[in-house]
Amino acid sequence: MTIADLASHLDLTKGTVSRALNNYPDISESTRTRVRKAAETLGYRPLSHAQAIRTGRTRSIGLVLEVTEHDAHRPFVDKFLAGLSEAASRQDWTLTVATAANDQDTLRLMGKLADERKADGFVLPRTRLSDTRIDYLREQGIPFVLYGRTADMTGCACYDITSEDAMCEAVKTLAGLGHRRIGFVPGGTGYTYAQLRRDGYEAGLNAAGLGFDPALVSEPAVNAAAGEAAAHMLVSLADPATAIVYSVDRAALGAYEAARTRGLTIGRDLSLISYDGIPESALITPDLTTWAVDIRKAGERLAELLIDLIRGAPPEACRELVPARFLARGSHGPAPGHEKP
């Protein structure tokens, strides 16, 4: 079964059939559906090598993960990859994954995959305010989509969660429970998410009518040990924090050990709200109040947006921001002395 056979069967031109199979926007949805159904019924499968020669595309999206990241992407990699690959497969695309040792290795691998026609574009996770990957791909004219945002969004497609809104709501929730000393533990230095979440924390203080106190902002923390140190610092102040907002769950887990050491009860003496929704957050006592992200859905949308971009959609039309989901659990409660009767 060739594309000519399929076109003849449908009484359409080969060009129309090809554009329908490749989801071009100038082909109506009814025609695309008709062509896809006929292709499935008749057993037509496009030859990937022939397509690459004809279109200059390999129908593959690329992802390069840096293994030196603080957690090697553990919180999301399985579901993230599943979302990317499944969304790509639905459009008969593939996913090419590589791992890099550092930033320079990442750039080398992206260039190699593009030059060898093993990837038509790239998904960039964990974006930075100033990101060499973005600079490189812009310069080379290689399509890319950000899982996150960056300081200069010129020419950038993206999918991101509005974690700044989550942080703002976390502060407002705690303020509504009587907390007036609300600490904040930032995320990784240089990452866009860290700046956005700090902005959200400060916006929450402003919305709640609370002044910003730099003493209530700890050093960055992305693991339990650093999160424990941050909690010790914040509850040791002359006017201590009664609640802490963490940028990442893995750091927030460290607050439980700090509270145990100091004889504090989480949710009563010290309230915690965090962000990520990692599985471990539901396995501790009390379970951690956090903001959850649908990682699989993020992978799906990133793949879809990148494919749209490769097919010619403008980057500005391939931007999507969605909210996180609040998981109200046992780690936050009224401020000491403000318990409800």
# chains A, B, ... in the order shown; residues from 1 in each chain; ligands from 1
call {"tool": "closest_atom_pairs", "arguments": {"of": "range 81-200 of chain A", "to": "range 282-298 of chain A", "cutoff": "9 Å", "atoms": "only C-alpha atoms", "output": "JSON lines"}}
result
{"residue": "A:Leu81", "atom": "CA", "partner": "A:Arg296", "partner_atom": "CA", "distance": 7.6}
{"residue": "A:Ala82", "atom": "CA", "partner": "A:Arg296", "partner_atom": "CA", "distance": 6.5}
{"residue": "A:Gly83", "atom": "CA", "partner": "A:Arg296", "partner_atom": "CA", "distance": 4.5}
{"residue": "A:Leu84", "atom": "CA", "partner": "A:Arg296", "partner_atom": "CA", "distance": 7.7}
{"residue": "A:Tyr147", "atom": "CA", "partner": "A:Ala298", "partner_atom": "CA", "distance": 8.0}
{"residue": "A:Tyr159", "atom": "CA", "partner": "A:Ala298", "partner_atom": "CA", "distance": 7.2}
{"residue": "A:Asp160", "atom": "CA", "partner": "A:Ala298", "partner_atom": "CA", "distance": 7.9}
{"residue": "A:Ile161", "atom": "CA", "partner": "A:Val293", "partner_atom": "CA", "distance": 7.6}
{"residue": "A:Ser163", "atom": "CA", "partner": "A:Trp291", "partner_atom": "CA", "distance": 8.4}
{"residue": "A:Ala166", "atom": "CA", "partner": "A:Trp291", "partner_atom": "CA", "distance": 6.9}
{"residue": "A:Met167", "atom": "CA", "partner": "A:Trp291", "partner_atom": "CA", "distance": 8.9}
{"residue": "A:Ala170", "atom": "CA", "partner": "A:Thr290", "partner_atom": "CA", "distance": 8.8}
call {"tool": "select_by_dssp", "arguments": {"residues": "range 91-121 of chain A", "states": "alpha helix (DSSP H)", "output": "list in words"}}
result
Asp103, Gln104, Asp105, Thr106, Leu107, Arg108, Leu109, Met110, Gly111, Lys112, Leu113, Ala114 and Asp115 of chain A
call {"tool": "residues_around", "arguments": {"residues": "Gly254 in chain A", "least_positions_apart": "4", "cutoff": "8 Å", "atoms": "only C-alpha atoms", "output": "PyMOL selection string"}}
result
chain A and resi 223-229+231+250+258
call {"tool": "residues_around", "arguments": {"residues": "range 1-16 of chain A", "least_positions_apart": "2", "cutoff": "8 Å", "atoms": "only C-alpha atoms", "output": "list in words"}}
result
Ser18, Arg19, Ala20, Ile27, Val35, Ala38, Ala39, Leu42, Gly43, Tyr44, Arg45 and Pro46 of chain A
call {"tool": "closest_residue", "arguments": {"among": "A:Ala87, A:Thr94, A:Gln195, A:Ala252", "to": "Leu129 in chain A", "atoms": "only C-alpha atoms"}}
result
A:Gln195
